[in-house]
file data13.cif (mmCIF, C-alpha atoms)
data_start
#
loop_
_atom_site.label_atom_id
_atom_site.label_comp_id
_atom_site.auth_asym_id
_atom_site.auth_seq_id
_atom_site.Cartn_x
_atom_site.Cartn_y
_atom_site.Cartn_z
CA MET G 1 70.15 -1.98 -28.92
CA ALA G 2 68.54 1.34 -28.45
CA ARG G 3 66.92 1.54 -25.13
CA LYS G 4 63.25 2.46 -25.35
CA LYS G 5 62.22 5.59 -23.66
CA ARG G 6 59.73 4.74 -20.92
CA GLY G 7 56.91 7.22 -20.38
CA ALA G 8 54.41 7.05 -17.57
CA ALA G 9 52.11 4.06 -18.05
CA GLU G 10 48.82 5.33 -19.44
CA VAL G 11 45.57 3.69 -20.36
CA ASN G 12 44.09 4.93 -23.55
CA ALA G 13 40.87 6.46 -22.33
CA GLY G 14 39.82 8.01 -25.58
CA SER G 15 37.27 5.35 -26.37
CA MET G 16 35.76 5.46 -22.92
CA ALA G 17 33.22 8.02 -24.09
CA ASP G 18 32.21 5.74 -26.95
CA ILE G 19 31.62 2.82 -24.62
CA ALA G 20 29.60 4.99 -22.28
CA PHE G 21 27.59 6.31 -25.20
CA LEU G 22 26.79 2.81 -26.29
CA LEU G 23 25.51 1.88 -22.86
CA LEU G 24 23.64 5.15 -22.63
CA ILE G 25 21.85 4.51 -25.89
CA PHE G 26 20.96 1.01 -24.77
CA PHE G 27 19.32 2.29 -21.60
CA LEU G 28 17.66 5.14 -23.44
CA VAL G 29 16.00 2.66 -25.75
CA THR G 30 14.95 0.17 -23.08
CA THR G 31 13.73 2.75 -20.60
CA THR G 32 10.04 2.99 -20.05
CA ILE G 33 9.74 5.72 -17.51
CA ALA G 34 6.90 4.54 -15.34
CA SER G 35 3.97 6.30 -16.93
CA ASP G 36 1.21 5.03 -14.78
CA LYS G 37 -1.56 7.47 -15.16
CA GLY G 38 -5.21 6.84 -15.48
CA LEU G 39 -8.77 7.67 -14.61
CA ALA G 40 -9.40 7.05 -10.94
CA ILE G 41 -12.78 5.80 -9.79
CA ALA G 42 -14.08 4.31 -6.59
CA LEU G 43 -16.34 1.28 -6.83
CA PRO G 44 -19.42 1.17 -4.62
CA PRO G 45 -19.05 -1.16 -1.63
CA LYS G 46 -20.64 -4.57 -1.70
CA PRO G 47 -24.28 -4.42 -0.61
CA ASP G 48 -24.80 -5.82 2.85
CA PRO G 49 -27.24 -8.77 2.66
CA ASN G 50 -28.51 -8.12 6.20
CA GLU G 51 -29.46 -4.59 5.43
CA PRO G 52 -32.20 -3.78 2.95
CA PRO G 53 -31.13 -1.29 0.28
CA PRO G 54 -31.74 2.24 1.50
CA ASP G 55 -34.92 3.67 0.16
CA ILE G 56 -33.76 6.88 -1.41
CA LYS G 57 -36.23 8.69 -3.52
CA PHE G 58 -34.40 10.66 -6.13
CA ASN G 59 -36.21 13.35 -7.91
CA ASP G 60 -36.00 12.62 -11.59
CA ARG G 61 -34.75 16.10 -12.39
CA ASN G 62 -31.65 15.48 -10.27
CA ILE G 63 -30.46 12.58 -12.36
CA PHE G 64 -28.57 13.12 -15.57
CA LYS G 65 -28.72 9.90 -17.53
CA VAL G 66 -26.04 8.83 -19.95
CA LEU G 67 -26.50 5.51 -21.72
CA LEU G 68 -24.16 3.70 -24.05
CA ASN G 69 -25.49 0.77 -26.03
CA SER G 70 -23.62 -2.15 -27.53
CA GLN G 71 -23.21 -0.26 -30.80
CA ASP G 72 -21.35 2.51 -28.94
CA LEU G 73 -24.23 4.90 -29.53
CA MET G 74 -24.92 7.39 -26.78
CA LEU G 75 -28.21 8.47 -25.32
CA VAL G 76 -28.14 11.56 -23.11
CA GLU G 77 -31.30 12.43 -21.18
CA GLY G 78 -33.36 10.44 -23.64
CA GLU G 79 -31.90 12.03 -26.76
CA PRO G 80 -29.21 10.58 -28.98
CA MET G 81 -25.91 12.45 -28.99
CA GLY G 82 -23.30 11.69 -31.58
CA ASP G 83 -20.44 13.85 -30.40
CA VAL G 84 -18.83 13.14 -27.03
CA GLY G 85 -17.43 16.67 -26.97
CA GLN G 86 -20.82 18.24 -26.23
CA LEU G 87 -21.23 16.22 -23.08
CA LYS G 88 -19.05 18.43 -20.88
CA GLU G 89 -21.15 21.54 -21.38
CA ARG G 90 -24.37 19.61 -20.81
CA VAL G 91 -23.10 18.20 -17.52
CA LYS G 92 -21.91 21.61 -16.37
CA GLY G 93 -25.26 23.17 -17.21
CA PHE G 94 -27.05 20.37 -15.39
CA VAL G 95 -25.01 20.50 -12.19
CA GLN G 96 -24.84 24.28 -11.89
CA ASN G 97 -28.50 24.82 -12.67
CA ASN G 98 -29.44 25.59 -9.04
CA GLY G 99 -33.13 25.15 -9.71
CA ARG G 100 -33.51 27.68 -12.52
CA ASN G 101 -34.53 25.28 -15.26
CA PRO G 102 -37.21 22.91 -13.92
CA GLU G 103 -35.82 20.02 -15.98
CA LEU G 104 -32.29 20.24 -14.59
CA SER G 105 -30.92 19.74 -11.08
CA ASP G 106 -32.10 21.46 -7.90
CA ASN G 107 -28.60 22.06 -6.60
CA PRO G 108 -25.09 20.69 -7.22
CA LYS G 109 -25.20 18.62 -4.06
CA ASP G 110 -28.11 16.46 -5.14
CA ALA G 111 -27.15 16.25 -8.79
CA VAL G 112 -26.18 12.77 -9.88
CA VAL G 113 -24.74 11.77 -13.21
CA SER G 114 -25.82 8.23 -13.97
CA PHE G 115 -23.69 6.41 -16.51
CA LYS G 116 -24.85 3.07 -17.77
CA THR G 117 -23.27 0.88 -20.38
CA ASP G 118 -24.03 -2.41 -22.04
CA ARG G 119 -21.88 -5.52 -21.79
CA GLY G 120 -21.14 -5.08 -25.46
CA THR G 121 -20.00 -1.46 -25.21
CA SER G 122 -16.38 -1.04 -26.18
CA TYR G 123 -13.97 -0.03 -23.45
CA GLU G 124 -12.56 2.77 -25.57
CA LYS G 125 -15.91 4.51 -25.81
CA TYR G 126 -16.55 3.95 -22.12
CA ILE G 127 -13.27 5.67 -21.21
CA ALA G 128 -13.96 8.52 -23.64
CA VAL G 129 -17.32 9.24 -21.99
CA LEU G 130 -16.04 8.78 -18.44
CA ASP G 131 -13.20 11.16 -19.29
CA GLU G 132 -15.68 13.84 -20.35
CA LEU G 133 -17.84 13.36 -17.28
CA GLN G 134 -14.90 13.63 -14.89
CA GLY G 135 -13.51 16.49 -16.95
CA ALA G 136 -16.75 18.44 -16.50
CA TYR G 137 -16.47 18.15 -12.73
CA TYR G 138 -12.78 19.03 -12.66
CA GLU G 139 -13.48 22.09 -14.78
CA MET G 140 -16.26 23.21 -12.44
CA TYR G 141 -13.92 22.82 -9.48
CA SER G 142 -11.19 24.75 -11.21
CA GLU G 143 -13.58 27.57 -12.15
CA ASN G 144 -14.79 27.81 -8.57
CA LEU G 145 -11.34 27.80 -7.03
CA GLY G 146 -9.60 29.90 -9.67
CA VAL G 147 -6.83 27.43 -10.40
CA ASN G 148 -6.19 25.37 -13.48
CA VAL G 149 -7.52 21.88 -14.02
CA LYS G 150 -4.13 20.25 -13.60
CA GLN G 151 -3.84 21.59 -10.07
CA ILE G 152 -7.23 20.13 -9.27
CA ARG G 153 -6.24 16.72 -10.49
CA GLU G 154 -3.07 16.80 -8.41
CA ILE G 155 -4.87 18.22 -5.41
CA ASN G 156 -3.14 15.89 -2.99
CA ASN G 157 0.16 17.62 -3.66
CA ALA G 158 -1.33 21.09 -3.41
CA GLU G 159 -0.81 23.52 -0.56
CA PRO G 160 -3.10 22.92 2.44
CA SER G 161 -5.12 26.15 2.02
CA LEU G 162 -6.14 25.19 -1.50
CA LYS G 163 -6.81 21.63 -0.40
CA GLY G 164 -9.06 22.93 2.36
CA ARG G 165 -11.05 25.08 -0.05
CA TYR G 166 -11.32 22.11 -2.39
CA ASP G 167 -12.64 19.86 0.36
CA ASP G 168 -15.24 22.48 1.29
CA LEU G 169 -16.31 22.80 -2.32
CA LYS G 170 -16.61 19.04 -2.62
CA LYS G 171 -19.16 19.05 0.19
CA THR G 172 -21.49 21.29 -1.78
CA MET G 173 -20.59 19.86 -5.18
CA PRO G 174 -19.59 16.23 -4.82
CA MET G 175 -18.51 14.31 -7.88
CA ASN G 176 -21.56 12.11 -8.12
CA ILE G 177 -20.83 9.94 -11.10
CA SER G 178 -22.70 6.71 -10.66
CA ILE G 179 -21.52 3.91 -12.89
CA ALA G 180 -24.28 1.36 -13.16
CA GLU G 181 -23.76 -2.30 -13.77
CA PRO G 182 -23.91 -2.96 -17.52
CA SER G 183 -27.07 -4.32 -19.05
CA LYS G 184 -27.06 -7.54 -21.03
CA ILE G 185 -29.26 -6.48 -23.89
CA GLY G 186 -26.66 -6.20 -26.62
CA GLY G 187 -24.46 -9.00 -25.41
CA GLU G 188 -20.80 -9.52 -26.12
CA GLN G 189 -19.54 -10.33 -29.53
CA MET P 1 44.95 55.81 -30.30
CA ALA P 2 45.90 53.11 -27.96
CA LYS P 3 47.68 50.23 -29.37
CA PHE P 4 46.32 46.79 -28.88
CA SER P 5 48.87 44.17 -28.95
CA LYS P 6 47.55 41.29 -30.91
CA LYS P 7 47.17 38.29 -28.72
CA THR P 8 49.04 35.22 -29.52
CA LYS P 9 47.03 32.45 -31.03
CA ALA P 10 44.73 30.99 -28.39
CA ASN P 11 44.34 27.28 -28.12
CA GLN P 12 41.02 26.55 -29.76
CA ASP P 13 40.53 22.95 -28.66
CA ILE P 14 37.64 22.21 -26.36
CA PRO P 15 38.86 20.00 -23.57
CA THR P 16 37.03 16.73 -23.92
CA ALA P 17 38.57 14.98 -20.96
CA ALA P 18 35.39 15.45 -18.89
CA LEU P 19 33.13 14.09 -21.63
CA PRO P 20 33.18 10.49 -20.39
CA ASP P 21 32.20 11.71 -16.94
CA ILE P 22 29.22 13.58 -18.29
CA ILE P 23 28.12 10.60 -20.34
CA PHE P 24 28.53 8.32 -17.35
CA MET P 25 26.36 10.62 -15.30
CA LEU P 26 23.59 10.42 -17.92
CA LEU P 27 24.12 6.69 -18.08
CA PHE P 28 23.65 6.25 -14.36
CA PHE P 29 20.55 8.40 -14.46
CA PHE P 30 18.94 6.18 -17.05
CA MET P 31 20.13 3.01 -15.35
CA VAL P 32 18.46 4.10 -12.15
CA THR P 33 15.20 5.23 -13.71
CA THR P 34 14.84 2.22 -15.97
CA VAL P 35 12.16 -0.21 -14.98
CA LEU P 36 12.51 -3.43 -16.85
CA ARG P 37 9.19 -4.97 -17.60
CA GLU P 38 8.24 -7.26 -14.78
CA THR P 39 5.60 -9.43 -16.37
CA ASP P 40 5.42 -10.95 -19.77
CA LEU P 41 2.23 -9.79 -21.35
CA LEU P 42 0.11 -12.52 -22.80
CA VAL P 43 -2.60 -10.15 -23.93
CA LEU P 44 -2.64 -7.25 -26.35
CA GLN P 45 -2.41 -3.86 -24.71
CA ARG P 46 -3.51 -0.86 -26.68
CA LEU P 47 -4.54 1.50 -23.95
CA PRO P 48 -7.20 4.12 -24.60
CA GLN P 49 -6.45 7.81 -24.42
CA ALA P 50 -7.93 10.25 -21.96
CA GLU P 51 -7.32 13.74 -20.64
CA GLN P 52 -8.35 13.75 -16.99
CA LEU P 53 -5.53 11.56 -15.79
CA LYS P 54 -4.36 11.20 -12.25
CA LYS P 55 -0.96 9.99 -11.25
CA MET P 56 -0.64 7.06 -8.94
CA GLU P 57 0.35 8.18 -5.53
CA LYS P 58 2.12 5.18 -4.10
CA LYS P 59 3.48 2.56 -6.36
CA SER P 60 3.65 -0.13 -3.70
CA LEU P 61 -0.12 0.00 -3.26
CA VAL P 62 -0.84 -0.69 -6.88
CA SER P 63 -1.56 -4.08 -8.42
CA TYR P 64 -2.10 -4.60 -12.08
CA ILE P 65 -4.82 -6.46 -13.93
CA TYR P 66 -4.41 -6.79 -17.67
CA ILE P 67 -7.35 -7.41 -19.96
CA GLY P 68 -7.22 -7.87 -23.69
CA LYS P 69 -7.23 -10.22 -26.60
CA PRO P 70 -4.59 -12.95 -26.18
CA LYS P 71 -1.51 -12.59 -28.33
CA GLU P 72 -1.41 -16.30 -29.06
CA THR P 73 -4.89 -16.67 -30.41
CA GLY P 74 -4.21 -20.25 -31.45
CA ARG P 75 -3.66 -21.30 -27.87
CA TYR P 76 -5.96 -19.08 -25.87
CA GLY P 77 -8.67 -18.13 -28.34
CA SER P 78 -9.55 -14.66 -29.52
CA GLU P 79 -11.92 -13.59 -26.73
CA PRO P 80 -10.47 -11.02 -24.31
CA LYS P 81 -8.86 -12.63 -21.29
CA ILE P 82 -7.75 -11.47 -17.85
CA GLN P 83 -4.09 -11.66 -16.96
CA VAL P 84 -2.53 -11.18 -13.54
CA ASN P 85 1.14 -11.73 -12.88
CA ASP P 86 2.10 -14.21 -15.59
CA VAL P 87 -1.05 -16.23 -15.99
CA LEU P 88 -4.45 -15.92 -17.55
CA ILE P 89 -7.25 -16.38 -15.07
CA ALA P 90 -11.02 -16.55 -14.92
CA PRO P 91 -12.86 -13.61 -13.30
CA GLU P 92 -13.35 -15.70 -10.14
CA GLY P 93 -9.58 -15.89 -9.74
CA ILE P 94 -9.46 -12.15 -9.05
CA ILE P 95 -10.53 -12.73 -5.46
CA GLN P 96 -7.54 -14.95 -4.76
CA PHE P 97 -5.22 -12.56 -6.55
CA VAL P 98 -6.38 -9.53 -4.58
CA ASN P 99 -6.06 -11.40 -1.31
CA GLN P 100 -2.50 -12.36 -2.20
CA GLU P 101 -1.69 -8.77 -3.05
CA LYS P 102 -3.27 -7.56 0.16
CA ASP P 103 -1.16 -9.99 2.18
CA LYS P 104 1.96 -8.31 0.84
CA LEU P 105 0.90 -4.99 2.33
CA SER P 106 0.95 -3.95 5.94
CA GLU P 107 -2.30 -4.01 7.85
CA ALA P 108 -2.77 -0.26 7.74
CA GLU P 109 -2.33 -0.08 3.99
CA ARG P 110 -4.60 -2.94 3.07
CA GLU P 111 -7.69 -0.86 2.49
CA GLN P 112 -5.69 1.56 0.36
CA ILE P 113 -4.89 -1.00 -2.31
CA THR P 114 -5.43 0.33 -5.81
CA MET P 115 -6.13 -1.93 -8.74
CA ALA P 116 -4.77 -0.54 -11.98
CA MET P 117 -6.76 -1.98 -14.84
CA LYS P 118 -4.88 -2.01 -18.09
CA VAL P 119 -7.56 -2.80 -20.58
CA ASP P 120 -7.25 -3.03 -24.31
CA LYS P 121 -9.30 -0.53 -26.30
CA GLU P 122 -11.24 -3.21 -28.07
CA ALA P 123 -12.27 -5.17 -25.02
CA LYS P 124 -15.94 -5.04 -24.15
CA MET P 125 -17.45 -3.72 -20.97
CA GLY P 126 -18.78 -7.16 -20.04
CA ILE P 127 -15.45 -8.55 -18.95
CA VAL P 128 -14.44 -5.29 -17.29
CA SER P 129 -17.61 -5.30 -15.26
CA ASP P 130 -17.12 -8.96 -14.28
CA VAL P 131 -13.73 -8.02 -12.84
CA GLN P 132 -15.21 -5.03 -11.03
CA GLN P 133 -17.88 -7.19 -9.42
CA GLN P 134 -15.14 -9.47 -8.09
CA LEU P 135 -13.21 -6.46 -6.80
CA ARG P 136 -16.29 -5.34 -4.92
CA GLU P 137 -16.50 -8.79 -3.35
CA VAL P 138 -13.02 -8.46 -1.88
CA ASN P 139 -13.45 -4.81 -0.99
CA ALA P 140 -10.74 -3.47 -3.28
CA LEU P 141 -12.69 -0.43 -4.30
CA LYS P 142 -10.04 1.91 -5.66
CA VAL P 143 -9.66 1.39 -9.36
CA LEU P 144 -7.51 3.22 -11.86
CA TYR P 145 -8.19 2.80 -15.56
CA SER P 146 -4.71 3.16 -17.02
CA SER P 147 -4.77 5.37 -20.06
CA LEU P 148 -2.39 7.30 -22.21
CA VAL P 149 -2.14 11.05 -22.31
CA ASP P 150 -4.37 12.39 -25.04
CA ASN P 151 -2.14 14.67 -27.07
CA GLY P 152 -1.85 12.71 -30.25
CA ALA P 153 1.62 11.45 -29.36
CA GLN P 154 2.05 7.78 -28.70
CA PRO P 155 4.91 6.97 -26.36
#

call {"tool": "encode", "arguments": {"input": "data13.cif", "output": "structure tokens"}}
result
Amino acid sequence: MARKKRGAAEVNAGSMADIAFLLLIFFLVTTTIASDKGLAIALPPKPDPNEPPPDIKFNDRNIFKVLLNSQDLMLVEGEPMGDVGQLKERVKGFVQNNGRNPELSDNPKDAVVSFKTDRGTSYEKYIAVLDELQGAYYEMYSENLGVNVKQIREINNAEPSLKGRYDDLKKTMPMNISIAEPSKIGGEQ
Amino acid sequence: MAKFSKKTKANQDIPTAALPDIIFMLLFFFMVTTVLRETDLLVLQRLPQAEQLKKMEKKSLVSYIYIGKPKETGRYGSEPKIQVNDVLIAPEGIIQFVNQEKDKLSEAEREQITMAMKVDKEAKMGIVSDVQQQLREVNALKVLYSSLVDNGAQP
């Protein structure tokens, strides 16, 4: 019998890449890279029952009222507004008025944007409007600091000098967006 | 003119021996970054889109509240419901849930807890506001409305 020639024992590794590809594709498909982003707000603290509510007299001109009813229709300063896109410019004009127009705010520090919804307002519309309101403030900050809006939103990762200037600016122009408790007029469907 | 000696035929094969290693590297990357879904969603989740998004800073401080129309409408009805962990709860149950979540955190971090609200587009503000009132009761005041990036692309 012819003696077989023995080579070095070798594992056939040619299909290794295929196996790895298969696994790779599996993980590619199942991966949901944690995409947790959202609009951040801070709720007002619970009112203290022992303390009467502080008697703050707001001048009417310093409040910018945005109302959403249960039909998702918007009322801005007493006038209906169909397009959410106009809201940003209105808010900017209101906050940075500095007393020029007697119907708009005295100064950015006292300016308050009041946002009230109904219990029947859809969440989608609520987020769309809140997005515009916050966007208006972020844009004003970015214009004042000379950086882009993205840097403002990620201010906690920014360099300390920019963060310091931002904190100073926030003292004179705080983001006063007051989200009122929804009314019950329209009701939920 | 100088003469160039024509080179002998070069071997034109690309060595593919390192290919499995490269693929494995990619594989490990995706294995590490993959987060398998932790909770089974009982409610529909079509998140709204927005532009002014902030990233969450610390994942360990975040607890999730899901609100939306139940998937099994036959069993749970078609009104939007609140889900935490794997169960549907009434708004009053939020207090207990937040206290449980706070207990998991260290004392110093307790006030930093952030509630990420994942609310379906079609839910109404009524239920969202009920949850927020409960959150105020337990002093969990940082809220994040989870939304998708508004660039027309759905992930």

call {"tool": "resolve_selection", "arguments": {"input": "data13.cif", "expression": "the PyMOL selection byres ((chain P) within 9 of (chain G))", "output": "PyMOL selection string"}}
result
chain P and resi 17+19-24+26-28+30-31+33-37+47-57+79+116-117+119-129+132-133+135-149

call {"tool": "resolve_selection", "arguments": {"input": "data13.cif", "expression": "the PyMOL selection byres ((chain G and resi 104) around 6)", "output": "short mmCIF file (atom, residue, chain, number, x, y, z; two decimals) with C-alpha atoms, in the coordinates of the input"}}
result
data_model
loop_
_atom_site.label_atom_id
_atom_site.label_comp_id
_atom_site.auth_asym_id
_atom_site.auth_seq_id
_atom_site.Cartn_x
_atom_site.Cartn_y
_atom_site.Cartn_z
CA ARG G 61 -34.75 16.10 -12.39
CA PHE G 94 -27.05 20.37 -15.39
CA ASN G 101 -34.53 25.28 -15.26
CA PRO G 102 -37.21 22.91 -13.92
CA GLU G 103 -35.82 20.02 -15.98
CA SER G 105 -30.92 19.74 -11.08
#

call {"tool": "resolve_selection", "arguments": {"input": "data13.cif", "expression": "the PyMOL selection byres ((chain G and resi 174) around 12)", "output": "JSON, numbers by chain"}}
result
{"G": [95, 96, 107, 108, 109, 110, 111, 112, 113, 134, 137, 138, 140, 141, 166, 167, 168, 169, 170, 171, 172, 173, 175, 176, 177, 178]}

call {"tool": "atom_distance", "arguments": {"input": "data13.cif", "atom1": "CA of Glu143 in chain G", "atom2": "CA of Glu159 in chain G"}}
result
17.7 Å

call {"tool": "residues_around", "arguments": {"input": "data13.cif", "residues": "Ser78 in chain P", "least_positions_apart": "3", "cutoff": "7 Å", "atoms": "all atoms listed in the file", "output": "VMD selection string"}}
result
chain P and resid 69 to 70 73

call {"tool": "closest_residue", "arguments": {"input": "data13.cif", "among": "G:Asp106, G:Asp72, G:Glu89, G:Glu139", "to": "Asn59 in chain G", "atoms": "all atoms listed in the file"}}
result
G:Asp106

call {"tool": "atom_distance", "arguments": {"input": "data13.cif", "atom1": "CA of Asp48 in chain G", "atom2": "CA of Val98 in chain P"}}
result
20.2 Å

call {"tool": "atom_distance", "arguments": {"input": "data13.cif", "atom1": "CA of Gly78 in chain G", "atom2": "CA of Asp60 in chain G"}}
result
12.5 Å

call {"tool": "closest_residue", "arguments": {"input": "data13.cif", "among": "P:Phe29, P:Lys102, P:Asp13, P:Lys118", "to": "Ile67 in chain P", "atoms": "only C-alpha atoms"}}
result
P:Lys118

call {"tool": "closest_residue", "arguments": {"input": "data13.cif", "among": "P:Tyr66, P:Leu61, P:Thr16, P:Val43", "to": "Glu109 in chain P", "atoms": "all atoms listed in the file"}}
result
P:Leu61

call {"tool": "residues_around", "arguments": {"input": "data13.cif", "residues": "Lys58 in chain P", "least_positions_apart": "4", "cutoff": "10 Å", "atoms": "all atoms listed in the file", "output": "VMD selection string"}}
result
chain P and resid 62 112 to 114

call {"tool": "closest_residue", "arguments": {"input": "data13.cif", "among": "P:Gln12, P:Ser106, P:Gln134, P:Asn99", "to": "Ser60 in chain P", "atoms": "only C-alpha atoms"}}
result
P:Ser106

call {"tool": "decode", "arguments": {"input": "data13.cif", "residues": "range 97-124 of chain P", "atoms": "N, CA and C atoms", "output": "JSON list (two decimals), in the first residue's frame"}}
result
[["chain", "number", "residue", "atom", "x", "y", "z"],
["P", 97, "PHE", "N", -43.17, 53.58, 41.96],
["P", 97, "PHE", "CA", -42.13, 53.27, 40.99],
["P", 97, "PHE", "C", -40.92, 54.19, 41.17],
["P", 98, "VAL", "N", -41.18, 55.48, 41.32],
["P", 98, "VAL", "CA", -40.06, 56.42, 41.46],
["P", 98, "VAL", "C", -39.30, 56.13, 42.75],
["P", 99, "ASN", "N", -40.02, 55.81, 43.81],
["P", 99, "ASN", "CA", -39.32, 55.51, 45.06],
["P", 99, "ASN", "C", -38.45, 54.27, 44.93],
["P", 100, "GLN", "N", -38.94, 53.28, 44.21],
["P", 100, "GLN", "CA", -38.12, 52.09, 43.96],
["P", 100, "GLN", "C", -36.86, 52.46, 43.19],
["P", 101, "GLU", "N", -37.05, 53.27, 42.16],
["P", 101, "GLU", "CA", -35.90, 53.65, 41.34],
["P", 101, "GLU", "C", -34.90, 54.47, 42.14],
["P", 102, "LYS", "N", -35.45, 55.31, 43.02],
["P", 102, "LYS", "CA", -34.55, 56.14, 43.83],
["P", 102, "LYS", "C", -33.75, 55.29, 44.80],
["P", 103, "ASP", "N", -34.37, 54.22, 45.30],
["P", 103, "ASP", "CA", -33.66, 53.35, 46.23],
["P", 103, "ASP", "C", -32.46, 52.67, 45.58],
["P", 104, "LYS", "N", -32.51, 52.52, 44.27],
["P", 104, "LYS", "CA", -31.39, 51.87, 43.59],
["P", 104, "LYS", "C", -30.17, 52.79, 43.52],
["P", 105, "LEU", "N", -30.41, 54.09, 43.65],
["P", 105, "LEU", "CA", -29.32, 55.04, 43.49],
["P", 105, "LEU", "C", -28.69, 55.35, 44.85],
["P", 106, "SER", "N", -27.48, 55.87, 44.79],
["P", 106, "SER", "CA", -26.85, 56.28, 46.04],
["P", 106, "SER", "C", -27.49, 57.57, 46.52],
["P", 107, "GLU", "N", -27.29, 57.84, 47.80],
["P", 107, "GLU", "CA", -27.95, 58.99, 48.42],
["P", 107, "GLU", "C", -27.69, 60.30, 47.68],
["P", 108, "ALA", "N", -26.44, 60.46, 47.26],
["P", 108, "ALA", "CA", -26.06, 61.72, 46.63],
["P", 108, "ALA", "C", -26.73, 61.90, 45.28],
["P", 109, "GLU", "N", -27.03, 60.79, 44.62],
["P", 109, "GLU", "CA", -27.57, 60.89, 43.26],
["P", 109, "GLU", "C", -29.08, 60.95, 43.22],
["P", 110, "ARG", "N", -29.71, 60.77, 44.37],
["P", 110, "ARG", "CA", -31.16, 60.59, 44.37],
["P", 110, "ARG", "C", -31.92, 61.77, 43.79],
["P", 111, "GLU", "N", -31.43, 62.97, 44.07],
["P", 111, "GLU", "CA", -32.15, 64.15, 43.57],
["P", 111, "GLU", "C", -31.89, 64.37, 42.08],
["P", 112, "GLN", "N", -30.90, 63.67, 41.55],
["P", 112, "GLN", "CA", -30.53, 63.85, 40.15],
["P", 112, "GLN", "C", -31.34, 62.96, 39.22],
["P", 113, "ILE", "N", -32.20, 62.16, 39.77],
["P", 113, "ILE", "CA", -32.90, 61.16, 38.94],
["P", 113, "ILE", "C", -33.67, 61.85, 37.80],
["P", 114, "THR", "N", -33.53, 61.28, 36.63],
["P", 114, "THR", "CA", -34.21, 61.84, 35.45],
["P", 114, "THR", "C", -35.24, 60.83, 34.97],
["P", 115, "MET", "N", -36.43, 61.31, 34.73],
["P", 115, "MET", "CA", -37.46, 60.42, 34.22],
["P", 115, "MET", "C", -37.57, 60.66, 32.71],
["P", 116, "ALA", "N", -37.28, 59.63, 31.94],
["P", 116, "ALA", "CA", -37.42, 59.75, 30.50],
["P", 116, "ALA", "C", -38.82, 59.29, 30.14],
["P", 117, "MET", "N", -39.60, 60.19, 29.58],
["P", 117, "MET", "CA", -40.96, 59.84, 29.22],
["P", 117, "MET", "C", -41.00, 59.52, 27.74],
["P", 118, "LYS", "N", -41.32, 58.28, 27.45],
["P", 118, "LYS", "CA", -41.44, 57.87, 26.05],
["P", 118, "LYS", "C", -42.93, 57.80, 25.75],
["P", 119, "VAL", "N", -43.41, 58.82, 25.12],
["P", 119, "VAL", "CA", -44.84, 58.95, 24.93],
["P", 119, "VAL", "C", -45.17, 58.85, 23.44],
["P", 120, "ASP", "N", -46.20, 58.10, 23.17],
["P", 120, "ASP", "CA", -46.67, 57.95, 21.80],
["P", 120, "ASP", "C", -47.23, 59.28, 21.30],
["P", 121, "LYS", "N", -47.00, 59.52, 20.00],
["P", 121, "LYS", "CA", -47.47, 60.76, 19.38],
["P", 121, "LYS", "C", -48.94, 61.03, 19.63],
["P", 122, "GLU", "N", -49.73, 59.98, 19.59],
["P", 122, "GLU", "CA", -51.18, 60.19, 19.60],
["P", 122, "GLU", "C", -51.77, 60.23, 21.00],
["P", 123, "ALA", "N", -50.93, 60.08, 22.00],
["P", 123, "ALA", "CA", -51.44, 60.21, 23.36],
["P", 123, "ALA", "C", -51.86, 61.65, 23.60],
["P", 124, "LYS", "N", -52.76, 61.83, 24.57],
["P", 124, "LYS", "CA", -53.22, 63.18, 24.86],
["P", 124, "LYS", "C", -52.47, 63.74, 26.06]]
